[in-house]
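These notes are about the structure you will find just below.
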Amino acid sequence: MTEELRKTYHEELESIREAIVRMAGVVGETIPRGTEAFLSGDLAEAQRIIEDDDAIDAMSVELEERCYQLLALQQPMASDLRAITTALWMNAEIERSGDLMANIAQATRRVYGSSIGPRIRGLIAQMSEEAARLVRLAVDSYAEGNSGLAVALDDIDDRLDELHLDAIAAIFESNREHAFDLQVGVQLALVCRFYERIGDHAVNMGERVRYMVDGWLPEHSGALRAQARLAEFGVLPDETS
Amino acid sequence: MTALVVALAVAAAGAVAVLVVGIRQRRLVNQHLDRISNRVSGAVAPASRTPVAAVKRLETVLEASDAERQLRGTERRYEAALEAIDMGVVVVDEDESVVYCNTSAGWYREGRHSEAVIAQKIDDLIHEATRGERFTETVTLFGPPRRVLFVSALPIIDNDELSGAIALIHDVTAVEHSNAIRRDFVSNISHELRTPIGAVSLLAETLIGEHDPDVIDSLADRLRVEAERLADTVQDLLELSRIEHGDDTEFTEVVIGDVVGGAHDRVRAAAAQNDVTIEVEMPDRDLLVRGDRRQLTSAVFNLLDNAIKFSNADGGDISVAVAQAHGHVEIEVRDSGIGIPRHDLDRIFERFYRVDRGRSRTSGGTGLGLSMVRHIAANHAGRVSVTSIEGEGATFTMELPLMPDTADNAPNPVNDQSASTAPAAPGESTAAPAAPGKSTAPAERTA
């Protein structure tokens, strides 16, 4: 009886992991799809992306509930507990990345009709590819429990950050040359920021994967720094509580 | 006395116990046989309690297991057939649990990223199909690489009852691609021919009844320009058709330096006019290919002409590098122009394909140049490929097989650094044919 229960419990854990990978697949596909709609001014496709985001939200809510159910009914411990909390985090990060692509789809409408120069278009295309690559790597690290890859995501994200800076500089330059309205410039800057944020979410996913595999918490380093600062002022950690 | 009674009671209890165990064991044997025969025949066999009956039943079971073996053989053959077809197949029972899944479908079901999208789609459609109706959907995966998949699910009805569902996954990327080429070719050629014809007829109409000699001059001049444009298109179409059919090709020993030099001379004026500088880097020694000199010069000319046309408005730099690599010569033309969107990369070698139709009139080309380059390369057992980042320029590389003695006599590659053999940075199109966004111009894609 207990063995049977345990089996379904582990099956459910595995099934949650699979659902996370699937949801990430759907969101990962939305990145090139949304970028193509944005760059080609395809309003119909942009609308479909906005609508499809509801399906992603629904998947996310269902997944969250399944995680809570496992937590409540099975009271998992150690690595199982970490697997479930990681799934909850991954779920949130993926869902948010999906929202950002829906935001880009909305921006497609706002910049519709304005001509965006090849330099900015090229940078947007590259940011999109980088963001999609980061999401793919984050999902790979999660599916494989590869903490080495998870840790590397932070450095891999540097390229996206550089592209983001280049894109902002290119937008400023185009604005100086009056290539488009300021409003369009702001929208473009936001779009670039959305891609950069997707990269950040992928890095967050990596941190959670590292926690799942090694039990390492991202806050540790920050908490240590805070402790060190307090120690500098002669406050002992105990006194702060 | 008491002891005797106790002993007797214990003995009796022992005997009963032995009997009970014996009956239980026989019942277990019977149950087991029942189970086997049920599994084999699917029918409940009459219960037998005697050893003879048990042996008879065992014989039936053995016969049945022969039938089972045969059944399994048939099953395996069907599975082999389902494996062999170029399609993903998933079969589920009425509870939507998977009872069969071929390897191809397994790729999707266990895959990540784009494959996971298909896995989700399979589950969704199967869920719909178990309600008794057939569902189909065409799914475009953006990848990269971009793929188009046709997913369908249909219910399995057995004796008017739903007993499960089948999902089929068919990769229709190639079909969709050739459909798109065919569709766009007709639309593009009509655009390219109709535009100048429309202009000619409009200008001619305006000329009628016009008396002002200045206006007549200006209209006539524009008429001439449009007529020339039309003539250019027709001329290029004929040239392309000649190249495609391999008519008039004269294969001789050709020095690549002469080909590049000849093409460079032809574009000098246009380059100067557009404020574009062209730098040519040649190897120290002659590289020989077997080919048609006129065609090869035309191919390099078209690459250069294209690079000039798509340079930025305020000029730009074009570099031509010739290098030897693995028995091939690579002619690389790199510009710093507007570049090509990823979406269009694998289509620019199609006849009349234009990234931006609006530019076709200002750039003045016929839309056939790159198509010619591709055919010329194919005629020479070579190929042409492109990498580009929009806004940062494009690099076209034509590869041609070197003549054997050239390749043998020069084992050390010359100017190898100048060739684009370095691995591409992320986001840049890479060289492998299957890699995202990279077009390697497979021969004869256009119908």
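The chains in the structure tokens are called A, B, ... from first to last as shown; in each chain the residues are counted from 1, and the ligands are counted from 1 in the order shown.
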
Could you build a table of the residues in chain A lying no more than 8 Å from chain B, giving for each the nearest pair of atoms and their separation in Å rounded to one decimal place, using only C-alpha atoms, ordered by chain and ascending residue number, as a tab-separated table?
```
residue	atom	partner	partner_atom	distance
A:Val21	CA	B:Arg112	CA	6.2
A:Arg22	CA	B:Ala116	CA	4.8
A:Met23	CA	B:Ala116	CA	7.9
A:Ala24	CA	B:His113	CA	6.8
A:Gly25	CA	B:His113	CA	3.9
A:Val26	CA	B:Val117	CA	5.3
A:Gly28	CA	B:His113	CA	6.5
A:Glu29	CA	B:Phe142	CA	6.2
A:Pro32	CA	B:Phe142	CA	6.0
A:Arg33	CA	B:Phe142	CA	6.0
A:Glu36	CA	B:His343	CA	7.7
A:Gly117	CA	B:Gly391	CA	7.6
A:Pro118	CA	B:Gly391	CA	4.3
A:Arg119	CA	B:Gly391	CA	3.7
A:Ile120	CA	B:Gly391	CA	7.2
A:Arg121	CA	B:Glu390	CA	6.5
A:Gly122	CA	B:Glu390	CA	4.1
A:Leu123	CA	B:Glu390	CA	7.7
A:Ala125	CA	B:Arg342	CA	7.9
A:Gln126	CA	B:Gly427	CA	5.3
A:Glu129	CA	B:Gly427	CA	5.9
A:Glu130	CA	B:Gly427	CA	6.6
A:Arg136	CA	B:His113	CA	6.6
A:Val139	CA	B:Arg112	CA	8.0
A:Asp140	CA	B:Arg112	CA	7.9
```

Take the residues from that selection and write them out as a PDB file, in the first residue's frame, keeping N, CA and C atoms.
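File result20.pdb, as written:
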```pdb
ATOM      1  N   VAL A  21       8.996  21.319 -18.248  1.00  0.00           N
ATOM      2  CA  VAL A  21       9.754  21.301 -19.505  1.00  0.00           C
ATOM      3  C   VAL A  21       8.840  21.669 -20.679  1.00  0.00           C
ATOM      4  N   ARG A  22       7.616  21.168 -20.637  1.00  0.00           N
ATOM      5  CA  ARG A  22       6.680  21.471 -21.720  1.00  0.00           C
ATOM      6  C   ARG A  22       6.295  22.944 -21.745  1.00  0.00           C
ATOM      7  N   MET A  23       6.007  23.477 -20.570  1.00  0.00           N
ATOM      8  CA  MET A  23       5.615  24.884 -20.522  1.00  0.00           C
ATOM      9  C   MET A  23       6.774  25.751 -21.011  1.00  0.00           C
ATOM     10  N   ALA A  24       7.986  25.377 -20.605  1.00  0.00           N
ATOM     11  CA  ALA A  24       9.166  26.132 -21.050  1.00  0.00           C
ATOM     12  C   ALA A  24       9.320  26.015 -22.562  1.00  0.00           C
ATOM     13  N   GLY A  25       8.969  24.839 -23.117  1.00  0.00           N
ATOM     14  CA  GLY A  25       9.030  24.657 -24.568  1.00  0.00           C
ATOM     15  C   GLY A  25       8.091  25.620 -25.270  1.00  0.00           C
ATOM     16  N   VAL A  26       6.875  25.735 -24.728  1.00  0.00           N
ATOM     17  CA  VAL A  26       5.881  26.628 -25.330  1.00  0.00           C
ATOM     18  C   VAL A  26       6.377  28.076 -25.251  1.00  0.00           C
ATOM     19  N   GLY A  28       9.486  29.101 -24.832  1.00  0.00           N
ATOM     20  CA  GLY A  28      10.694  29.234 -25.653  1.00  0.00           C
ATOM     21  C   GLY A  28      10.357  29.436 -27.124  1.00  0.00           C
ATOM     22  N   GLU A  29       9.323  28.765 -27.614  1.00  0.00           N
ATOM     23  CA  GLU A  29       8.888  28.915 -28.999  1.00  0.00           C
ATOM     24  C   GLU A  29       8.312  30.302 -29.244  1.00  0.00           C
ATOM     25  N   PRO A  32      11.100  33.320 -30.591  1.00  0.00           N
ATOM     26  CA  PRO A  32      11.308  33.638 -32.013  1.00  0.00           C
ATOM     27  C   PRO A  32      10.013  34.009 -32.737  1.00  0.00           C
ATOM     28  N   ARG A  33       8.921  33.409 -32.302  1.00  0.00           N
ATOM     29  CA  ARG A  33       7.643  33.675 -32.955  1.00  0.00           C
ATOM     30  C   ARG A  33       7.233  35.137 -32.737  1.00  0.00           C
ATOM     31  N   GLU A  36       9.524  37.536 -34.670  1.00  0.00           N
ATOM     32  CA  GLU A  36       9.214  37.624 -36.094  1.00  0.00           C
ATOM     33  C   GLU A  36       7.969  38.485 -36.314  1.00  0.00           C
ATOM     34  N   GLY A 117      15.254  50.962 -38.385  1.00  0.00           N
ATOM     35  CA  GLY A 117      16.451  50.740 -39.198  1.00  0.00           C
ATOM     36  C   GLY A 117      17.044  49.352 -39.025  1.00  0.00           C
ATOM     37  N   PRO A 118      17.841  48.932 -40.035  1.00  0.00           N
ATOM     38  CA  PRO A 118      18.404  47.576 -40.003  1.00  0.00           C
ATOM     39  C   PRO A 118      19.268  47.286 -38.772  1.00  0.00           C
ATOM     40  N   ARG A 119      19.991  48.313 -38.282  1.00  0.00           N
ATOM     41  CA  ARG A 119      20.883  48.096 -37.135  1.00  0.00           C
ATOM     42  C   ARG A 119      20.063  47.668 -35.902  1.00  0.00           C
ATOM     43  N   ILE A 120      19.000  48.412 -35.612  1.00  0.00           N
ATOM     44  CA  ILE A 120      18.176  48.084 -34.439  1.00  0.00           C
ATOM     45  C   ILE A 120      17.445  46.759 -34.660  1.00  0.00           C
ATOM     46  N   ARG A 121      16.969  46.554 -35.893  1.00  0.00           N
ATOM     47  CA  ARG A 121      16.290  45.280 -36.197  1.00  0.00           C
ATOM     48  C   ARG A 121      17.239  44.106 -35.956  1.00  0.00           C
ATOM     49  N   GLY A 122      18.470  44.280 -36.437  1.00  0.00           N
ATOM     50  CA  GLY A 122      19.469  43.225 -36.265  1.00  0.00           C
ATOM     51  C   GLY A 122      19.745  42.956 -34.798  1.00  0.00           C
ATOM     52  N   LEU A 123      19.835  44.035 -34.006  1.00  0.00           N
ATOM     53  CA  LEU A 123      20.111  43.863 -32.577  1.00  0.00           C
ATOM     54  C   LEU A 123      18.940  43.183 -31.868  1.00  0.00           C
ATOM     55  N   ALA A 125      16.856  41.097 -33.270  1.00  0.00           N
ATOM     56  CA  ALA A 125      16.896  39.683 -33.674  1.00  0.00           C
ATOM     57  C   ALA A 125      17.945  38.922 -32.863  1.00  0.00           C
ATOM     58  N   GLN A 126      19.096  39.568 -32.654  1.00  0.00           N
ATOM     59  CA  GLN A 126      20.158  38.894 -31.891  1.00  0.00           C
ATOM     60  C   GLN A 126      19.767  38.732 -30.428  1.00  0.00           C
ATOM     61  N   GLU A 129      17.441  35.851 -30.146  1.00  0.00           N
ATOM     62  CA  GLU A 129      18.128  34.558 -30.230  1.00  0.00           C
ATOM     63  C   GLU A 129      18.856  34.227 -28.929  1.00  0.00           C
ATOM     64  N   GLU A 130      19.487  35.248 -28.357  1.00  0.00           N
ATOM     65  CA  GLU A 130      20.208  35.039 -27.097  1.00  0.00           C
ATOM     66  C   GLU A 130      19.245  34.655 -25.972  1.00  0.00           C
ATOM     67  N   ARG A 136      16.555  27.948 -23.302  1.00  0.00           N
ATOM     68  CA  ARG A 136      16.819  26.545 -23.648  1.00  0.00           C
ATOM     69  C   ARG A 136      17.854  25.939 -22.702  1.00  0.00           C
ATOM     70  N   VAL A 139      16.445  25.341 -19.245  1.00  0.00           N
ATOM     71  CA  VAL A 139      15.581  24.155 -19.221  1.00  0.00           C
ATOM     72  C   VAL A 139      16.424  22.879 -19.287  1.00  0.00           C
ATOM     73  N   ASP A 140      17.477  22.920 -20.119  1.00  0.00           N
ATOM     74  CA  ASP A 140      18.373  21.764 -20.184  1.00  0.00           C
ATOM     75  C   ASP A 140      18.981  21.487 -18.811  1.00  0.00           C
TER      76      ASP A 140
END
```

*Do you know which residues are at most 12 Å from segment 82-95 of chain B counting only C-alpha atoms, after dropping those on the same chain fewer than 5 positions away, and could you put them as a ChimeraX atom specification?*
/B:75-77,100-109,118-119,122-123,125-132,149-158,161-172

Can you spit out the residues from that selection as a short mmCIF file (atom, residue, chain, number, x, y, z; two decimals), in the first residue's frame, using N, CA and C atoms?
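Below you can see result-v5.cif, which holds the result:
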```cif
data_model
loop_
_atom_site.label_atom_id
_atom_site.label_comp_id
_atom_site.auth_asym_id
_atom_site.auth_seq_id
_atom_site.Cartn_x
_atom_site.Cartn_y
_atom_site.Cartn_z
N GLU B 75 2.27 -8.86 -34.21
CA GLU B 75 2.32 -7.56 -33.54
C GLU B 75 3.66 -6.88 -33.85
N ARG B 76 4.75 -7.70 -33.77
CA ARG B 76 6.07 -7.14 -34.03
C ARG B 76 6.21 -6.64 -35.47
N ARG B 77 5.59 -7.40 -36.39
CA ARG B 77 5.66 -6.98 -37.80
C ARG B 77 4.93 -5.66 -38.00
N TYR B 100 1.00 2.56 -27.39
CA TYR B 100 2.07 2.39 -28.37
C TYR B 100 2.55 3.76 -28.83
N CYS B 101 3.85 3.84 -29.09
CA CYS B 101 4.42 5.10 -29.56
C CYS B 101 5.67 4.75 -30.36
N ASN B 102 5.72 5.10 -31.65
CA ASN B 102 6.92 4.72 -32.41
C ASN B 102 8.08 5.68 -32.08
N THR B 103 9.27 5.31 -32.55
CA THR B 103 10.47 6.08 -32.16
C THR B 103 10.35 7.55 -32.55
N SER B 104 9.82 7.77 -33.74
CA SER B 104 9.71 9.14 -34.23
C SER B 104 8.82 9.98 -33.30
N ALA B 105 7.70 9.41 -32.88
CA ALA B 105 6.82 10.13 -31.96
C ALA B 105 7.47 10.26 -30.58
N GLY B 106 8.28 9.23 -30.23
CA GLY B 106 8.98 9.27 -28.95
C GLY B 106 9.90 10.48 -28.84
N TRP B 107 10.49 10.85 -30.00
CA TRP B 107 11.37 12.03 -30.02
C TRP B 107 10.62 13.26 -29.54
N TYR B 108 9.39 13.36 -30.01
CA TYR B 108 8.60 14.54 -29.61
C TYR B 108 8.15 14.40 -28.16
N ARG B 109 7.66 13.20 -27.84
CA ARG B 109 7.06 13.03 -26.52
C ARG B 109 8.08 13.22 -25.39
N ILE B 118 5.22 20.14 -29.43
CA ILE B 118 4.50 19.11 -30.18
C ILE B 118 3.92 18.06 -29.22
N ALA B 119 4.70 17.71 -28.19
CA ALA B 119 4.22 16.73 -27.22
C ALA B 119 2.91 17.23 -26.59
N ILE B 122 0.14 16.97 -29.14
CA ILE B 122 -0.33 15.58 -29.30
C ILE B 122 -1.33 15.26 -28.18
N ASP B 123 -0.95 15.59 -26.95
CA ASP B 123 -1.83 15.30 -25.81
C ASP B 123 -3.17 16.03 -25.95
N LEU B 125 -4.66 17.14 -28.70
CA LEU B 125 -5.50 16.63 -29.78
C LEU B 125 -6.04 15.24 -29.44
N ILE B 126 -5.22 14.43 -28.78
CA ILE B 126 -5.69 13.10 -28.37
C ILE B 126 -6.87 13.25 -27.42
N HIS B 127 -6.73 14.20 -26.52
CA HIS B 127 -7.81 14.45 -25.56
C HIS B 127 -9.11 14.79 -26.30
N GLU B 128 -8.98 15.61 -27.34
CA GLU B 128 -10.16 15.98 -28.13
C GLU B 128 -10.69 14.76 -28.87
N ALA B 129 -9.76 13.96 -29.44
CA ALA B 129 -10.17 12.82 -30.26
C ALA B 129 -10.90 11.77 -29.44
N THR B 130 -10.56 11.64 -28.16
CA THR B 130 -11.24 10.62 -27.36
C THR B 130 -12.69 11.01 -27.08
N ARG B 131 -13.07 12.18 -27.56
CA ARG B 131 -14.49 12.53 -27.47
C ARG B 131 -15.22 12.10 -28.74
N GLY B 132 -14.46 11.48 -29.66
CA GLY B 132 -15.13 10.86 -30.81
C GLY B 132 -14.98 11.59 -32.13
N LEU B 149 4.83 21.19 -38.88
CA LEU B 149 4.38 19.83 -38.59
C LEU B 149 2.87 19.75 -38.66
N PHE B 150 2.42 18.64 -39.21
CA PHE B 150 0.99 18.41 -39.31
C PHE B 150 0.64 17.35 -38.27
N VAL B 151 -0.15 17.75 -37.28
CA VAL B 151 -0.51 16.82 -36.21
C VAL B 151 -2.00 16.50 -36.34
N SER B 152 -2.34 15.22 -36.36
CA SER B 152 -3.76 14.88 -36.40
C SER B 152 -4.05 13.78 -35.39
N ALA B 153 -5.27 13.77 -34.88
CA ALA B 153 -5.68 12.74 -33.93
C ALA B 153 -7.07 12.26 -34.30
N LEU B 154 -7.25 10.95 -34.28
CA LEU B 154 -8.57 10.42 -34.62
C LEU B 154 -8.96 9.32 -33.64
N PRO B 155 -10.24 9.21 -33.37
CA PRO B 155 -10.66 8.19 -32.40
C PRO B 155 -10.63 6.79 -33.01
N ILE B 156 -10.42 5.77 -32.16
CA ILE B 156 -10.52 4.38 -32.62
C ILE B 156 -11.89 3.90 -32.14
N ILE B 157 -12.74 3.55 -33.08
CA ILE B 157 -14.08 3.08 -32.73
C ILE B 157 -14.13 1.57 -32.96
N ASP B 158 -14.48 0.82 -31.93
CA ASP B 158 -14.54 -0.63 -32.03
C ASP B 158 -15.94 -1.06 -31.62
N GLU B 161 -18.05 1.46 -30.12
CA GLU B 161 -17.59 2.00 -28.83
C GLU B 161 -16.20 2.56 -28.98
N LEU B 162 -15.96 3.65 -28.30
CA LEU B 162 -14.64 4.27 -28.39
C LEU B 162 -13.64 3.43 -27.60
N SER B 163 -12.56 2.98 -28.30
CA SER B 163 -11.61 2.16 -27.56
C SER B 163 -10.24 2.82 -27.46
N GLY B 164 -10.14 4.07 -27.91
CA GLY B 164 -8.87 4.78 -27.81
C GLY B 164 -8.74 5.82 -28.90
N ALA B 165 -7.51 6.26 -29.13
CA ALA B 165 -7.29 7.26 -30.18
C ALA B 165 -5.88 7.11 -30.74
N ILE B 166 -5.69 7.61 -31.97
CA ILE B 166 -4.37 7.58 -32.61
C ILE B 166 -3.97 9.02 -32.91
N ALA B 167 -2.72 9.33 -32.68
CA ALA B 167 -2.20 10.64 -33.10
C ALA B 167 -1.11 10.40 -34.12
N LEU B 168 -1.11 11.22 -35.19
CA LEU B 168 -0.09 11.12 -36.23
C LEU B 168 0.63 12.46 -36.34
N ILE B 169 1.95 12.40 -36.43
CA ILE B 169 2.74 13.63 -36.55
C ILE B 169 3.54 13.54 -37.83
N HIS B 170 3.32 14.49 -38.73
CA HIS B 170 3.98 14.45 -40.03
C HIS B 170 4.76 15.74 -40.24
N ASP B 171 6.05 15.63 -40.53
CA ASP B 171 6.88 16.81 -40.78
C ASP B 171 6.68 17.23 -42.24
N VAL B 172 6.04 18.38 -42.44
CA VAL B 172 5.74 18.82 -43.81
C VAL B 172 6.56 20.06 -44.18
#
```

*Provide the atom CA of Gln324 of chain B to atom CA of Ser336 of chain B distance in Å, to one decimal place.*
23.5 Å

*For Leu368 of chain B, please output as number ranges by chain all residues within 7 Å (counting only C-alpha atoms; exclusion window: fewer than 6 positions along the same chain).*
B: 236, 351-352

Residues of the last selection are to be written out with N, CA and C atoms, as a short mmCIF file (atom, residue, chain, number, x, y, z; two decimals), in the first residue's frame.
```cif
data_model
loop_
_atom_site.label_atom_id
_atom_site.label_comp_id
_atom_site.auth_asym_id
_atom_site.auth_seq_id
_atom_site.Cartn_x
_atom_site.Cartn_y
_atom_site.Cartn_z
N ASP B 236 18.08 38.61 -68.22
CA ASP B 236 18.55 37.80 -67.09
C ASP B 236 17.81 36.47 -67.00
N ARG B 351 14.58 32.69 -57.31
CA ARG B 351 14.38 33.65 -58.39
C ARG B 351 13.38 34.72 -57.98
N PHE B 352 13.74 35.95 -58.19
CA PHE B 352 12.89 37.13 -57.94
C PHE B 352 12.56 37.36 -56.46
#
```

_List as a ChimeraX atom specification the protein and nucleic acid residues near Ile348 of chain B, meaning an atom at most 9 Å away when only C-alpha atoms are counted, but skip any in the same chain fewer than 5 places from it._
/B:340,353-355,370-371,439

*Identify all residues of segment 86-299 of chain B in strand (DSSP E or B) (DSSP on the backbone) and supply them as an MDAnalysis selection string.*
chainID B and resid 88:93 98:101 135:141 147:158 161:171 252:255 276:281 288:291

Write the selection just made, keeping C-alpha atoms, as a PDB file, in the first residue's frame?
```
ATOM      1  CA  GLY B  88       5.176   9.831 -35.630  1.00  0.00           C
ATOM      2  CA  VAL B  89       2.468   7.462 -34.391  1.00  0.00           C
ATOM      3  CA  VAL B  90       0.967   7.419 -30.891  1.00  0.00           C
ATOM      4  CA  VAL B  91      -1.835   5.063 -29.860  1.00  0.00           C
ATOM      5  CA  VAL B  92      -3.728   5.545 -26.599  1.00  0.00           C
ATOM      6  CA  ASP B  93      -6.476   3.566 -24.897  1.00  0.00           C
ATOM      7  CA  VAL B  98      -0.224   5.545 -24.229  1.00  0.00           C
ATOM      8  CA  VAL B  99      -0.238   1.914 -25.396  1.00  0.00           C
ATOM      9  CA  TYR B 100       2.066   2.389 -28.367  1.00  0.00           C
ATOM     10  CA  CYS B 101       4.422   5.104 -29.563  1.00  0.00           C
ATOM     11  CA  PHE B 135      -8.809  16.804 -35.063  1.00  0.00           C
ATOM     12  CA  THR B 136      -5.959  18.194 -37.130  1.00  0.00           C
ATOM     13  CA  GLU B 137      -3.629  21.112 -36.699  1.00  0.00           C
ATOM     14  CA  THR B 138      -0.648  22.518 -38.574  1.00  0.00           C
ATOM     15  CA  VAL B 139       1.986  23.697 -36.146  1.00  0.00           C
ATOM     16  CA  THR B 140       4.852  25.981 -37.112  1.00  0.00           C
ATOM     17  CA  LEU B 141       7.891  25.595 -34.919  1.00  0.00           C
ATOM     18  CA  ARG B 147       9.727  23.427 -39.070  1.00  0.00           C
ATOM     19  CA  VAL B 148       6.138  22.862 -40.050  1.00  0.00           C
ATOM     20  CA  LEU B 149       4.378  19.826 -38.594  1.00  0.00           C
ATOM     21  CA  PHE B 150       0.994  18.410 -39.314  1.00  0.00           C
ATOM     22  CA  VAL B 151      -0.507  16.821 -36.212  1.00  0.00           C
ATOM     23  CA  SER B 152      -3.761  14.885 -36.398  1.00  0.00           C
ATOM     24  CA  ALA B 153      -5.682  12.739 -33.926  1.00  0.00           C
ATOM     25  CA  LEU B 154      -8.571  10.420 -34.623  1.00  0.00           C
ATOM     26  CA  PRO B 155     -10.664   8.192 -32.401  1.00  0.00           C
ATOM     27  CA  ILE B 156     -10.521   4.383 -32.619  1.00  0.00           C
ATOM     28  CA  ILE B 157     -14.079   3.077 -32.726  1.00  0.00           C
ATOM     29  CA  ASP B 158     -14.538  -0.626 -32.026  1.00  0.00           C
ATOM     30  CA  GLU B 161     -17.594   2.003 -28.832  1.00  0.00           C
ATOM     31  CA  LEU B 162     -14.640   4.266 -28.392  1.00  0.00           C
ATOM     32  CA  SER B 163     -11.608   2.162 -27.558  1.00  0.00           C
ATOM     33  CA  GLY B 164      -8.874   4.785 -27.808  1.00  0.00           C
ATOM     34  CA  ALA B 165      -7.287   7.264 -30.178  1.00  0.00           C
ATOM     35  CA  ILE B 166      -4.368   7.582 -32.606  1.00  0.00           C
ATOM     36  CA  ALA B 167      -2.201  10.643 -33.096  1.00  0.00           C
ATOM     37  CA  LEU B 168      -0.092  11.118 -36.229  1.00  0.00           C
ATOM     38  CA  ILE B 169       2.737  13.628 -36.553  1.00  0.00           C
ATOM     39  CA  HIS B 170       3.984  14.448 -40.026  1.00  0.00           C
ATOM     40  CA  ASP B 171       6.879  16.807 -40.785  1.00  0.00           C
ATOM     41  CA  THR B 252      38.299  25.025 -69.459  1.00  0.00           C
ATOM     42  CA  GLU B 253      41.085  25.589 -66.992  1.00  0.00           C
ATOM     43  CA  VAL B 254      40.226  28.843 -65.249  1.00  0.00           C
ATOM     44  CA  VAL B 255      42.481  30.913 -62.987  1.00  0.00           C
ATOM     45  CA  VAL B 276      32.035  51.969 -51.855  1.00  0.00           C
ATOM     46  CA  THR B 277      35.598  50.705 -51.557  1.00  0.00           C
ATOM     47  CA  ILE B 278      36.457  47.166 -52.602  1.00  0.00           C
ATOM     48  CA  GLU B 279      39.483  45.398 -51.179  1.00  0.00           C
ATOM     49  CA  VAL B 280      40.620  42.194 -52.826  1.00  0.00           C
ATOM     50  CA  GLU B 281      42.872  39.723 -51.072  1.00  0.00           C
ATOM     51  CA  LEU B 288      42.853  26.669 -60.900  1.00  0.00           C
ATOM     52  CA  VAL B 289      39.342  25.367 -61.259  1.00  0.00           C
ATOM     53  CA  ARG B 290      37.724  23.614 -64.171  1.00  0.00           C
ATOM     54  CA  GLY B 291      34.843  25.715 -65.316  1.00  0.00           C
TER      55      GLY B 291
END
```

*Write out as a VMD selection string the residues lying within 8 Å of segment 141-154 of chain A, counting only C-alpha atoms and excluding same-chain residues fewer than 4 positions away.*
chain A and resid 17 21 134 137 158 202 to 203 205 to 207 209 to 210 212 to 214

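Across the structure, atom CA of Asn175 of chain A and atom CA of Gly113 of chain A are spaced 16.5 Å apart.
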
*List the neighbours of Gln69 of chain A out to 12 Å using only C-alpha atoms; skip same-chain residues closer than 6 positions along the sequence, and give me the result as a ChimeraX atom specification.*
/A:9,12-13,16,62-63,75-76,84,88

Would you save the residues of that selection, restricted to N, CA and C atoms, as a short mmCIF file (atom, residue, chain, number, x, y, z; two decimals), in the first residue's frame?
```
data_model
loop_
_atom_site.label_atom_id
_atom_site.label_comp_id
_atom_site.auth_asym_id
_atom_site.auth_seq_id
_atom_site.Cartn_x
_atom_site.Cartn_y
_atom_site.Cartn_z
N TYR A 9 3.43 8.95 -6.07
CA TYR A 9 4.03 10.21 -5.62
C TYR A 9 5.23 10.56 -6.49
N GLU A 12 4.13 11.45 -9.92
CA GLU A 12 3.60 12.81 -9.96
C GLU A 12 4.74 13.83 -9.98
N LEU A 13 5.78 13.56 -9.19
CA LEU A 13 6.95 14.44 -9.19
C LEU A 13 7.55 14.52 -10.60
N ILE A 16 5.35 16.44 -12.94
CA ILE A 16 5.48 17.90 -12.75
C ILE A 16 6.72 18.41 -13.50
N GLU A 62 -2.26 25.56 -13.03
CA GLU A 62 -2.49 24.14 -12.79
C GLU A 62 -1.25 23.49 -12.15
N LEU A 63 -0.10 23.87 -12.71
CA LEU A 63 1.16 23.32 -12.20
C LEU A 63 1.38 23.70 -10.73
N GLN A 75 4.07 15.71 2.18
CA GLN A 75 5.07 16.30 3.08
C GLN A 75 6.47 15.82 2.73
N PRO A 76 6.92 16.15 1.51
CA PRO A 76 8.22 15.65 1.07
C PRO A 76 9.37 16.26 1.87
N ILE A 84 10.32 20.08 -5.54
CA ILE A 84 9.00 20.72 -5.66
C ILE A 84 9.12 22.24 -5.55
N LEU A 88 8.17 25.05 -8.39
CA LEU A 88 7.34 26.24 -8.16
C LEU A 88 8.04 27.50 -8.68
#
```

*asked:* Can you tell me which residues surround Leu207 of chain B at a distance of at most 10 Å, considering only C-alpha atoms, apart from same-chain residues fewer than 2 positions away, and format the answer as an MDAnalysis selection string?
replied: chainID B and resid 201:205 209:212 215:220 223

*Please measure the separation of atom CA of Ile124 of chain A and atom CA of Lys309 of chain B, giving the value in Å to one decimal.*
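Pair atom CA of Ile124 of chain A / atom CA of Lys309 of chain B returns 23.9 Å.
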